[in-house]
Amino acid sequence: MNSSEESLGFIGMGLMGIPICKHLLAAGQNLTVWNRTAEKCQELTTAGAVHAETLQDLAKKSDIIFICLSDDEAVKSVVLGKQGLLAHLRSHHLIVDLSTIAPHATRDLAQEVMLAGASWVDAPMSGGVLGAEKGNLILMAGGMESSIERCRPVTQLFSQRLRAMGPVGAGQTTKLCNQLIVAANSLLIAEAVALAQNAGVDAQQLAPALAGGFADSLPLQILAPRMAQHIHEPVQWKVATLHKDLSHVLALAAHAGLTLPVAQRALEQLSTAIQTGAASLDLSHIIDLYIVPKETSAC
């Protein structure tokens, strides 16, 4: 079967899920969608998607089922929950998990899915909301080569690259390496913006000034202008999401017998941001950790 002959299911209408589904619909794919809050599917059903009332209904209508959820527990719920997918999976089903979850959780879920006769690929994404909207996400995949190649034609509709990294769990491990770099980089960008502002340099000029140099990166070009201007909408990365991913990084490092002091410090800073109420806010809000209060003049 090629992608046009396979019916697609998609679970999770969040910041990433909706724009990805729009690309699938624009390509003429047969798409069934499900979300815990059904109202979030309305925009997609208006555009041509079919809304599944239950996960059982979605499984009946789909061959390849994409999952794009916030954390381990959410993915476990839709796969293993009382009303989950597991009991309704058949040999023709391929689960492609685009979520970022712990590698050990991925392996456990994949084992249950494969015992049911279906297939599993973990294919977490990099590129953020902008990448999802533009259709140029980067995917790193773990799973059987045949399963990865089966989903590749579909992923090409919303990504620029899918790279096979090894067996189940390898995609998630690769994504955690990505998130370690992103987390440390994002906090250093906040420090650089704060340093420029407090040393008398226009921080809005940092991103264009450093473009093309060794310090340049997509996070720099996206985050530095937002931090410098304190523009935090629309939300592109949630602080809590990166905190969750970095927690997985440190757990994986501990299991591997590694100490990652930079990752630990980054997690502490993100924890501080969450304690100030920034959990669901855009990652650019971490600049607030570095704002130096202006001294008030004596009366």
# chains A, B, ... in the order shown; residues from 1 in each chain; ligands from 1
>>> select_by_dssp(residues="segment 54-263 of chain A", states="alpha helix (DSSP H)", output="MDAnalysis selection string")
chainID A and resid 55:61 72:80 103:115 128:134 145:155 170:198 206:210 218:229 239:255 261:263
>>> residues_around(residues="His243 of chain A", least_positions_apart="4", cutoff="10 Å", atoms="only C-alpha atoms", output="list in words")
Gln179, Ala183, Lys238, Val239, Ser247, His248, Val249, Ala266, Leu267, Glu268, Gln269, Leu270, Ser271, Ala273, Ile274 and Ala279 of chain A
>>> select_by_dssp(residues="segment 94-192 of chain A", states="strand (DSSP E)", output="PyMOL selection string")
chain A and resi 94-97+119-122+125-126+137-143+159-166
>>> residues_around(residues="Pro208 of chain A", least_positions_apart="5", cutoff="12 Å", atoms="only C-alpha atoms", output="list of chain:residue names")
A:Asp202, A:Ala203, A:Gly213, A:Ala215, A:Asp216, A:Ser217, A:Leu218, A:Leu220, A:Gln221, A:Ile222, A:Ala224, A:Pro225
>>> write_last_selection(atoms="N, CA and C atoms", output="mmCIF file, in the first residue's frame")
data_model
loop_
_atom_site.group_PDB
_atom_site.id
_atom_site.type_symbol
_atom_site.label_atom_id
_atom_site.label_comp_id
_atom_site.auth_asym_id
_atom_site.auth_seq_id
_atom_site.Cartn_x
_atom_site.Cartn_y
_atom_site.Cartn_z
ATOM 1 N N ASP A 202 21.280 47.039 22.651
ATOM 2 C CA ASP A 202 19.922 46.730 22.202
ATOM 3 C C ASP A 202 19.825 45.231 21.922
ATOM 4 N N ALA A 203 19.162 44.500 22.805
ATOM 5 C CA ALA A 203 19.083 43.044 22.678
ATOM 6 C C ALA A 203 18.298 42.608 21.445
ATOM 7 N N GLY A 213 26.871 32.926 12.473
ATOM 8 C CA GLY A 213 28.073 32.660 13.248
ATOM 9 C C GLY A 213 27.951 31.387 14.059
ATOM 10 N N ALA A 215 27.394 30.999 17.127
ATOM 11 C CA ALA A 215 26.350 31.037 18.161
ATOM 12 C C ALA A 215 24.945 30.942 17.580
ATOM 13 N N ASP A 216 24.840 30.946 16.264
ATOM 14 C CA ASP A 216 23.516 30.979 15.645
ATOM 15 C C ASP A 216 22.809 29.632 15.794
ATOM 16 N N SER A 217 21.486 29.694 15.848
ATOM 17 C CA SER A 217 20.651 28.497 15.911
ATOM 18 C C SER A 217 19.211 28.926 15.678
ATOM 19 N N LEU A 218 18.349 27.952 15.385
ATOM 20 C CA LEU A 218 16.934 28.273 15.260
ATOM 21 C C LEU A 218 16.364 28.817 16.570
ATOM 22 N N LEU A 220 17.864 30.566 18.798
ATOM 23 C CA LEU A 220 18.327 31.953 18.928
ATOM 24 C C LEU A 220 17.475 32.880 18.078
ATOM 25 N N GLN A 221 17.238 32.501 16.835
ATOM 26 C CA GLN A 221 16.498 33.377 15.933
ATOM 27 C C GLN A 221 15.027 33.503 16.323
ATOM 28 N N ILE A 222 14.489 32.484 16.977
ATOM 29 C CA ILE A 222 13.087 32.543 17.404
ATOM 30 C C ILE A 222 12.942 33.182 18.777
ATOM 31 N N ALA A 224 15.340 34.840 20.923
ATOM 32 C CA ALA A 224 15.981 36.098 21.308
ATOM 33 C C ALA A 224 15.104 37.323 21.006
ATOM 34 N N PRO A 225 14.516 37.433 19.809
ATOM 35 C CA PRO A 225 13.650 38.599 19.564
ATOM 36 C C PRO A 225 12.426 38.629 20.479
#
>>> residues_around(residues="Ala194 of chain A", least_positions_apart="4", cutoff="9 Å", atoms="only C-alpha atoms", output="list in words")
Ile189, Ala190, Asn198, Ala199, Ala203, Met227, Ala228, Ile287, Tyr290, Ile291 and Val292 of chain A
>>> write_last_selection(atoms="C-alpha atoms", output="compact mmCIF listing (two decimals), in the first residue's frame")
# COMPACT_ATOMS: atom_id res chain seq x y z
CA ILE A 189 19.93 32.71 25.05
CA ALA A 190 17.96 34.20 27.95
CA ASN A 198 21.74 45.26 31.29
CA ALA A 199 25.05 46.20 29.66
CA ALA A 203 19.08 43.04 22.68
CA MET A 227 12.67 37.68 24.84
CA ALA A 228 14.09 41.08 23.96
CA ILE A 287 13.82 35.75 30.37
CA TYR A 290 17.11 37.22 34.62
CA ILE A 291 15.38 40.59 34.86
CA VAL A 292 17.27 42.85 37.24
>>> residues_around(residues="Leu260 of chain A", least_positions_apart="2", cutoff="12 Å", atoms="only C-alpha atoms", output="count of residues only")
21
>>> residues_around(residues="Lys76 of chain A", least_positions_apart="3", cutoff="12 Å", atoms="only C-alpha atoms", output="list in words")
Ile67, Cys68, Leu69, Ser70, Asp71, Asp72, Glu73, Val79, Leu80, Gly81, Lys82, Gln83, Gly84, Leu85, Leu86, Asp97, Ser99, Ile101, Ala102, Ala105, Thr106, Arg107, Asp108, Leu109, Ala110, Glu112 and Val113 of chain A
>>> decode(residues="segment 140-244 of chain A", atoms="C-alpha atoms", output="PDB file, in the first residue's frame")
ATOM      1  CA  MET A 140      13.858  10.711  14.511  1.00  0.00           C
ATOM      2  CA  ALA A 141      12.479   7.185  14.443  1.00  0.00           C
ATOM      3  CA  GLY A 142      12.853   3.954  16.357  1.00  0.00           C
ATOM      4  CA  GLY A 143      11.327   0.695  15.192  1.00  0.00           C
ATOM      5  CA  MET A 144      11.527  -2.029  12.563  1.00  0.00           C
ATOM      6  CA  GLU A 145      12.869  -0.813   9.236  1.00  0.00           C
ATOM      7  CA  SER A 146       9.759  -2.039   7.415  1.00  0.00           C
ATOM      8  CA  SER A 147       7.478  -0.099   9.772  1.00  0.00           C
ATOM      9  CA  ILE A 148       9.529   3.076   9.439  1.00  0.00           C
ATOM     10  CA  GLU A 149       9.480   2.813   5.656  1.00  0.00           C
ATOM     11  CA  ARG A 150       5.725   2.217   5.713  1.00  0.00           C
ATOM     12  CA  CYS A 151       5.041   5.496   7.491  1.00  0.00           C
ATOM     13  CA  ARG A 152       7.698   7.508   5.643  1.00  0.00           C
ATOM     14  CA  PRO A 153       5.482   8.589   2.683  1.00  0.00           C
ATOM     15  CA  VAL A 154       2.944  10.003   5.143  1.00  0.00           C
ATOM     16  CA  THR A 155       5.495  11.778   7.343  1.00  0.00           C
ATOM     17  CA  GLN A 156       6.925  13.444   4.243  1.00  0.00           C
ATOM     18  CA  LEU A 157       3.676  15.393   4.021  1.00  0.00           C
ATOM     19  CA  PHE A 158       4.490  17.326   7.213  1.00  0.00           C
ATOM     20  CA  SER A 159       8.246  16.964   7.676  1.00  0.00           C
ATOM     21  CA  GLN A 160      11.480  17.551   5.809  1.00  0.00           C
ATOM     22  CA  ARG A 161      13.257  14.485   7.163  1.00  0.00           C
ATOM     23  CA  LEU A 162      12.655  11.230   9.008  1.00  0.00           C
ATOM     24  CA  ARG A 163      15.812   9.446  10.101  1.00  0.00           C
ATOM     25  CA  ALA A 164      15.839   5.858  11.328  1.00  0.00           C
ATOM     26  CA  MET A 165      17.917   5.684  14.516  1.00  0.00           C
ATOM     27  CA  GLY A 166      17.575   2.034  15.518  1.00  0.00           C
ATOM     28  CA  PRO A 167      15.100  -0.233  17.301  1.00  0.00           C
ATOM     29  CA  VAL A 168      12.063   0.903  19.284  1.00  0.00           C
ATOM     30  CA  GLY A 169      13.088   3.563  21.800  1.00  0.00           C
ATOM     31  CA  ALA A 170      15.977   4.895  19.723  1.00  0.00           C
ATOM     32  CA  GLY A 171      13.830   7.711  18.371  1.00  0.00           C
ATOM     33  CA  GLN A 172      12.942   8.840  21.882  1.00  0.00           C
ATOM     34  CA  THR A 173      16.560   8.659  23.035  1.00  0.00           C
ATOM     35  CA  THR A 174      17.631  10.783  20.076  1.00  0.00           C
ATOM     36  CA  LYS A 175      14.889  13.306  20.833  1.00  0.00           C
ATOM     37  CA  LEU A 176      16.089  13.575  24.437  1.00  0.00           C
ATOM     38  CA  CYS A 177      19.566  14.419  23.147  1.00  0.00           C
ATOM     39  CA  ASN A 178      17.904  17.100  21.047  1.00  0.00           C
ATOM     40  CA  GLN A 179      16.006  18.450  24.046  1.00  0.00           C
ATOM     41  CA  LEU A 180      19.126  18.557  26.194  1.00  0.00           C
ATOM     42  CA  ILE A 181      20.767  20.836  23.646  1.00  0.00           C
ATOM     43  CA  VAL A 182      17.598  22.932  23.204  1.00  0.00           C
ATOM     44  CA  ALA A 183      17.113  23.397  26.947  1.00  0.00           C
ATOM     45  CA  ALA A 184      20.685  24.472  27.634  1.00  0.00           C
ATOM     46  CA  ASN A 185      20.697  26.676  24.544  1.00  0.00           C
ATOM     47  CA  SER A 186      17.410  28.363  25.460  1.00  0.00           C
ATOM     48  CA  LEU A 187      18.618  29.302  28.926  1.00  0.00           C
ATOM     49  CA  LEU A 188      21.896  30.622  27.547  1.00  0.00           C
ATOM     50  CA  ILE A 189      19.926  32.711  25.050  1.00  0.00           C
ATOM     51  CA  ALA A 190      17.956  34.202  27.950  1.00  0.00           C
ATOM     52  CA  GLU A 191      21.200  34.972  29.760  1.00  0.00           C
ATOM     53  CA  ALA A 192      22.662  36.569  26.630  1.00  0.00           C
ATOM     54  CA  VAL A 193      19.576  38.745  26.135  1.00  0.00           C
ATOM     55  CA  ALA A 194      19.648  39.787  29.788  1.00  0.00           C
ATOM     56  CA  LEU A 195      23.371  40.527  29.614  1.00  0.00           C
ATOM     57  CA  ALA A 196      22.958  42.673  26.512  1.00  0.00           C
ATOM     58  CA  GLN A 197      20.036  44.594  27.978  1.00  0.00           C
ATOM     59  CA  ASN A 198      21.740  45.258  31.290  1.00  0.00           C
ATOM     60  CA  ALA A 199      25.047  46.201  29.659  1.00  0.00           C
ATOM     61  CA  GLY A 200      23.479  48.865  27.454  1.00  0.00           C
ATOM     62  CA  VAL A 201      23.182  46.958  24.169  1.00  0.00           C
ATOM     63  CA  ASP A 202      19.922  46.730  22.202  1.00  0.00           C
ATOM     64  CA  ALA A 203      19.083  43.044  22.678  1.00  0.00           C
ATOM     65  CA  GLN A 204      16.763  43.166  19.675  1.00  0.00           C
ATOM     66  CA  GLN A 205      19.912  43.304  17.546  1.00  0.00           C
ATOM     67  CA  LEU A 206      21.412  40.111  18.964  1.00  0.00           C
ATOM     68  CA  ALA A 207      19.724  37.626  16.625  1.00  0.00           C
ATOM     69  CA  PRO A 208      20.579  39.451  13.381  1.00  0.00           C
ATOM     70  CA  ALA A 209      24.082  40.276  14.630  1.00  0.00           C
ATOM     71  CA  LEU A 210      24.885  36.649  15.454  1.00  0.00           C
ATOM     72  CA  ALA A 211      23.146  35.122  12.426  1.00  0.00           C
ATOM     73  CA  GLY A 212      25.446  32.800  10.507  1.00  0.00           C
ATOM     74  CA  GLY A 213      28.073  32.660  13.248  1.00  0.00           C
ATOM     75  CA  PHE A 214      28.977  29.877  15.653  1.00  0.00           C
ATOM     76  CA  ALA A 215      26.350  31.037  18.161  1.00  0.00           C
ATOM     77  CA  ASP A 216      23.516  30.979  15.645  1.00  0.00           C
ATOM     78  CA  SER A 217      20.651  28.497  15.911  1.00  0.00           C
ATOM     79  CA  LEU A 218      16.934  28.273  15.260  1.00  0.00           C
ATOM     80  CA  PRO A 219      16.188  28.798  18.987  1.00  0.00           C
ATOM     81  CA  LEU A 220      18.327  31.953  18.928  1.00  0.00           C
ATOM     82  CA  GLN A 221      16.498  33.377  15.933  1.00  0.00           C
ATOM     83  CA  ILE A 222      13.087  32.543  17.404  1.00  0.00           C
ATOM     84  CA  LEU A 223      13.596  33.140  21.126  1.00  0.00           C
ATOM     85  CA  ALA A 224      15.981  36.098  21.308  1.00  0.00           C
ATOM     86  CA  PRO A 225      13.650  38.599  19.564  1.00  0.00           C
ATOM     87  CA  ARG A 226      10.665  37.429  21.632  1.00  0.00           C
ATOM     88  CA  MET A 227      12.671  37.678  24.843  1.00  0.00           C
ATOM     89  CA  ALA A 228      14.094  41.083  23.962  1.00  0.00           C
ATOM     90  CA  GLN A 229      10.643  42.492  23.194  1.00  0.00           C
ATOM     91  CA  HIS A 230       8.792  40.457  25.849  1.00  0.00           C
ATOM     92  CA  ILE A 231       6.467  39.035  23.201  1.00  0.00           C
ATOM     93  CA  HIS A 232       5.223  35.679  24.465  1.00  0.00           C
ATOM     94  CA  GLU A 233       2.229  34.974  22.226  1.00  0.00           C
ATOM     95  CA  PRO A 234       1.404  32.782  20.480  1.00  0.00           C
ATOM     96  CA  VAL A 235       2.771  29.937  22.588  1.00  0.00           C
ATOM     97  CA  GLN A 236       5.346  27.964  20.605  1.00  0.00           C
ATOM     98  CA  TRP A 237       7.017  25.884  23.334  1.00  0.00           C
ATOM     99  CA  LYS A 238       5.592  25.414  26.811  1.00  0.00           C
ATOM    100  CA  VAL A 239       7.964  25.679  29.743  1.00  0.00           C
ATOM    101  CA  ALA A 240       6.400  22.572  31.298  1.00  0.00           C
ATOM    102  CA  THR A 241       7.018  20.533  28.153  1.00  0.00           C
ATOM    103  CA  LEU A 242      10.745  21.220  28.123  1.00  0.00           C
ATOM    104  CA  HIS A 243      10.884  20.611  31.881  1.00  0.00           C
ATOM    105  CA  LYS A 244       9.256  17.195  31.350  1.00  0.00           C
TER     106      LYS A 244
END
